[in-house]
Amino acid sequence: MHALPSSVAAGRMLSASTRALPGMHRSCLAPCLAAAARRSLTTSGSRPNIMTGKKTDEKSRLGPGAEGLHIKDVPPKSPPAVTSTGQAIHGDWVLFHPVYTSDELRSVEVLFRDSKTFADKIALSFVKIARWAFDIASGYKHKPLPPNASSMSLEELRKGGYLMDESQWLRRMLFLESIAAVPGMVAAALRHLRSLRLMQRDHGWIHTLLEEAENERMHLMTFMTLKKPSLLFRAMVMGAQGVFYNAFFLCYMISPSTCHRFVGHLEEEAVLTYTRVIEEIEAGRLPDWTQLPAPEIAKDYWRLGPDATFLEVVYAVRSDESTHRFVNHSLASLKYESDINPFALHEPDMSTKGSRICFERDESRKFIEQSHKVMDQAAGKPE
């Protein structure tokens, strides 16, 4: 997704990004990344309206170029040095995403946002329809345990439809993630085309939406290491993806805010699903996953320890979903045409994202102001 779990300064963001590059590339790209770290979200020191992005024809404070100096315009401080960190980078991702501490993994709460407008009610209604269809397609069921559950065996509870086994849960998660990666990519593509069509800046939305899409895809790649779907399952995913992609595409052109609200509600359901998986594992009702080692792709992606288990992976996925819940509900409260994405530079830590449903528009403005202070401090500018 979008940032480290705590409110980090731009200097730390720059350091983390450059360390992930080979020595030659790191030396060459450091000046360019430093210029990006100094980038501001508004156009002047007075910042009369911090929520509104600048127009294309306004000059950058950094000098030539709307986005700052080109790397060729930056005088080299020293000749590039060929070095090796000795750390191999594996995986199929390139964008920023959170890496959580143990406390942050356990700070997520199951939350639901009340519908306040007619558009909110429409979004929630579509989520209920989508949830009903997903439950049927994935064979999901969650019946309350009977009063005598403590005297029943695991097999008896499963045969009675009270519990799902590991294969059933995995089918649910695979189907969920194959669809959940669609909205971010669709929204990013449409905002990209809008920016090109109107020849205006995007105000930082595209990158956050692409990060969300990639993050959801990495969830799918992680779960795919545990189960190879059948041809029938793949055909169902293709059909659902085709319908959902085109429906979301059309709806986003009509009302982007309603679509972000829809995704926010959808992520509420995802947080609930993974919370139930965690409870089932910790209660010993999914014995095959109790001591199952985390897949290598998950250890690398979330920077888990060498002895990490699959339970920690589910905790990390749930934290990701709570971030998507928070971000999309917050974006839905903004003015799509003109407001700056408050999470373009960094995000709140999990103590906020895990326990709150979203930022309202005024809170987003205040968060942008805090981001400016962080960037100014990183650039060595006075208060």
# chains A, B, ... in the order shown; residues from 1 in each chain; ligands from 1

call {"tool": "residues_around", "arguments": {"residues": "Ser351 in chain A", "least_positions_apart": "6", "cutoff": "12 Å", "atoms": "only C-alpha atoms", "output": "PyMOL selection string"}}
result
chain A and resi 5-7+100-101+103-109+319+322-323+326+357

call {"tool": "select_by_dssp", "arguments": {"residues": "range 198-245 of chain A", "states": "helix (DSSP H, G or I)", "output": "NGL selection string"}}
result
:A and (198 or 205-224 or 231-245)

call {"tool": "write_last_selection", "arguments": {"atoms": "C-alpha atoms", "output": "PDB file, in the first residue's frame"}}
result
ATOM      1  CA  LEU A 198      -8.102  17.242 -19.113  1.00  0.00           C
ATOM      2  CA  TRP A 205      -4.741   9.565  -6.228  1.00  0.00           C
ATOM      3  CA  ILE A 206      -3.385   7.271  -8.954  1.00  0.00           C
ATOM      4  CA  HIS A 207      -0.399   5.976  -7.040  1.00  0.00           C
ATOM      5  CA  THR A 208      -2.400   5.097  -3.917  1.00  0.00           C
ATOM      6  CA  LEU A 209      -4.986   3.241  -5.993  1.00  0.00           C
ATOM      7  CA  LEU A 210      -2.311   1.274  -7.846  1.00  0.00           C
ATOM      8  CA  GLU A 211      -0.699   0.355  -4.534  1.00  0.00           C
ATOM      9  CA  GLU A 212      -4.042  -0.986  -3.340  1.00  0.00           C
ATOM     10  CA  ALA A 213      -4.472  -3.089  -6.489  1.00  0.00           C
ATOM     11  CA  GLU A 214      -0.969  -4.530  -6.205  1.00  0.00           C
ATOM     12  CA  ASN A 215      -1.400  -5.247  -2.499  1.00  0.00           C
ATOM     13  CA  GLU A 216      -4.602  -7.201  -3.109  1.00  0.00           C
ATOM     14  CA  ARG A 217      -2.905  -9.125  -5.915  1.00  0.00           C
ATOM     15  CA  MET A 218      -0.072 -10.071  -3.557  1.00  0.00           C
ATOM     16  CA  HIS A 219      -2.663 -11.489  -1.164  1.00  0.00           C
ATOM     17  CA  LEU A 220      -3.831 -13.738  -3.982  1.00  0.00           C
ATOM     18  CA  MET A 221      -0.263 -14.757  -4.887  1.00  0.00           C
ATOM     19  CA  THR A 222       0.363 -15.649  -1.243  1.00  0.00           C
ATOM     20  CA  PHE A 223      -2.714 -17.853  -0.907  1.00  0.00           C
ATOM     21  CA  MET A 224      -1.981 -19.482  -4.261  1.00  0.00           C
ATOM     22  CA  LEU A 231     -10.467 -25.206 -13.880  1.00  0.00           C
ATOM     23  CA  LEU A 232     -14.065 -24.740 -12.711  1.00  0.00           C
ATOM     24  CA  PHE A 233     -12.952 -22.296 -10.006  1.00  0.00           C
ATOM     25  CA  ARG A 234     -10.832 -20.359 -12.511  1.00  0.00           C
ATOM     26  CA  ALA A 235     -13.795 -20.176 -14.892  1.00  0.00           C
ATOM     27  CA  MET A 236     -15.980 -18.790 -12.103  1.00  0.00           C
ATOM     28  CA  VAL A 237     -13.342 -16.175 -11.301  1.00  0.00           C
ATOM     29  CA  MET A 238     -13.108 -15.163 -14.964  1.00  0.00           C
ATOM     30  CA  GLY A 239     -16.866 -14.713 -15.160  1.00  0.00           C
ATOM     31  CA  ALA A 240     -17.123 -12.786 -11.905  1.00  0.00           C
ATOM     32  CA  GLN A 241     -14.129 -10.635 -12.779  1.00  0.00           C
ATOM     33  CA  GLY A 242     -15.539  -9.780 -16.194  1.00  0.00           C
ATOM     34  CA  VAL A 243     -18.885  -8.723 -14.775  1.00  0.00           C
ATOM     35  CA  PHE A 244     -17.430  -6.850 -11.798  1.00  0.00           C
ATOM     36  CA  TYR A 245     -14.722  -5.042 -13.777  1.00  0.00           C
TER      37      TYR A 245
END

call {"tool": "closest_atom_pairs", "arguments": {"of": "range 314-367 of chain A", "to": "range 162-178 of chain A", "cutoff": "12 Å", "atoms": "only C-alpha atoms", "output": "CSV"}}
result
residue,atom,partner,partner_atom,distance
A:Val314,CA,A:Met173,CA,10.4
A:Val317,CA,A:Glu177,CA,10.4
A:Arg318,CA,A:Met173,CA,11.4
A:Asp320,CA,A:Glu177,CA,11.9
A:Glu321,CA,A:Glu177,CA,10.5

call {"tool": "write_last_selection", "arguments": {"atoms": "C-alpha atoms", "output": "PDB file, in the first residue's frame"}}
result
ATOM      1  CA  VAL A 314      -3.497 -13.716   8.025  1.00  0.00           C
ATOM      2  CA  VAL A 317      -3.583  -9.465   5.352  1.00  0.00           C
ATOM      3  CA  ARG A 318      -6.280  -8.284   7.772  1.00  0.00           C
ATOM      4  CA  ASP A 320      -3.914  -4.478   4.846  1.00  0.00           C
ATOM      5  CA  GLU A 321      -7.673  -4.763   4.443  1.00  0.00           C
TER       6      GLU A 321
END

call {"tool": "closest_residue", "arguments": {"among": "A:Tyr336, A:Asn328, A:Leu157, A:Ser125", "to": "Val263 in chain A", "atoms": "only C-alpha atoms"}}
result
A:Asn328

call {"tool": "atom_distance", "arguments": {"atom1": "CA of Lys159 in chain A", "atom2": "CA of Lys228 in chain A"}}
result
24.2 Å

call {"tool": "atom_distance", "arguments": {"atom1": "CA of Arg131 in chain A", "atom2": "CA of Leu311 in chain A"}}
result
24.3 Å

call {"tool": "residues_around", "arguments": {"residues": "Ile122 in chain A", "least_positions_apart": "2", "cutoff": "12 Å", "atoms": "only C-alpha atoms", "output": "list in words"}}
result
Ser115, Lys116, Thr117, Phe118, Ala119, Asp120, Leu124, Ser125, Phe126, Val127, Lys128, Ile129, Cys251, Ser255, Ser257, Thr258, Cys259, His260, Arg261, Phe262 and His265 of chain A

call {"tool": "closest_residue", "arguments": {"among": "A:Phe96, A:Gly284, A:His329, A:Arg194", "to": "Ala344 in chain A", "atoms": "only C-alpha atoms"}}
result
A:Phe96

call {"tool": "residues_around", "arguments": {"residues": "Leu292 in chain A", "least_positions_apart": "3", "cutoff": "10 Å", "atoms": "only C-alpha atoms", "output": "VMD selection string"}}
result
chain A and resid 287 to 289 295 308 to 311

call {"tool": "atom_distance", "arguments": {"atom1": "CA of Met253 in chain A", "atom2": "CA of Leu196 in chain A"}}
result
15.2 Å

call {"tool": "residues_around", "arguments": {"residues": "Trp132 in chain A", "least_positions_apart": "6", "cutoff": "12 Å", "atoms": "only C-alpha atoms", "output": "VMD selection string"}}
result
chain A and resid 125 to 126 138 to 141 266 269

call {"tool": "write_last_selection", "arguments": {"atoms": "N, CA and C atoms", "output": "PDB file, in the first residue's frame"}}
result
ATOM      1  N   SER A 125     -26.027  -1.150  -0.213  1.00  0.00           N
ATOM      2  CA  SER A 125     -26.938  -2.146  -0.793  1.00  0.00           C
ATOM      3  C   SER A 125     -26.215  -3.009  -1.823  1.00  0.00           C
ATOM      4  N   PHE A 126     -25.381  -2.395  -2.647  1.00  0.00           N
ATOM      5  CA  PHE A 126     -24.626  -3.157  -3.636  1.00  0.00           C
ATOM      6  C   PHE A 126     -23.622  -4.092  -2.957  1.00  0.00           C
ATOM      7  N   SER A 138     -18.348 -18.922  -3.428  1.00  0.00           N
ATOM      8  CA  SER A 138     -17.222 -19.489  -2.685  1.00  0.00           C
ATOM      9  C   SER A 138     -17.650 -20.560  -1.685  1.00  0.00           C
ATOM     10  N   GLY A 139     -18.953 -20.819  -1.578  1.00  0.00           N
ATOM     11  CA  GLY A 139     -19.431 -21.827  -0.639  1.00  0.00           C
ATOM     12  C   GLY A 139     -19.258 -21.419   0.806  1.00  0.00           C
ATOM     13  N   TYR A 140     -19.302 -20.128   1.088  1.00  0.00           N
ATOM     14  CA  TYR A 140     -19.053 -19.620   2.439  1.00  0.00           C
ATOM     15  C   TYR A 140     -20.294 -19.752   3.306  1.00  0.00           C
ATOM     16  N   LYS A 141     -20.094 -20.158   4.547  1.00  0.00           N
ATOM     17  CA  LYS A 141     -21.191 -20.211   5.516  1.00  0.00           C
ATOM     18  C   LYS A 141     -20.615 -19.959   6.900  1.00  0.00           C
ATOM     19  N   LEU A 266     -16.954  -2.922   1.287  1.00  0.00           N
ATOM     20  CA  LEU A 266     -16.477  -4.247   0.908  1.00  0.00           C
ATOM     21  C   LEU A 266     -15.286  -4.663   1.776  1.00  0.00           C
ATOM     22  N   GLU A 269     -16.217  -6.014   5.135  1.00  0.00           N
ATOM     23  CA  GLU A 269     -16.528  -7.445   5.107  1.00  0.00           C
ATOM     24  C   GLU A 269     -15.252  -8.280   5.062  1.00  0.00           C
TER      25      GLU A 269
END

call {"tool": "closest_residue", "arguments": {"among": "A:His203, A:Tyr315, A:Glu156, A:Lys143", "to": "Thr275 in chain A", "atoms": "only C-alpha atoms"}}
result
A:Tyr315

call {"tool": "closest_residue", "arguments": {"among": "A:Val374, A:Leu250, A:Leu190, A:Leu331", "to": "Leu345 in chain A", "atoms": "only C-alpha atoms"}}
result
A:Val374
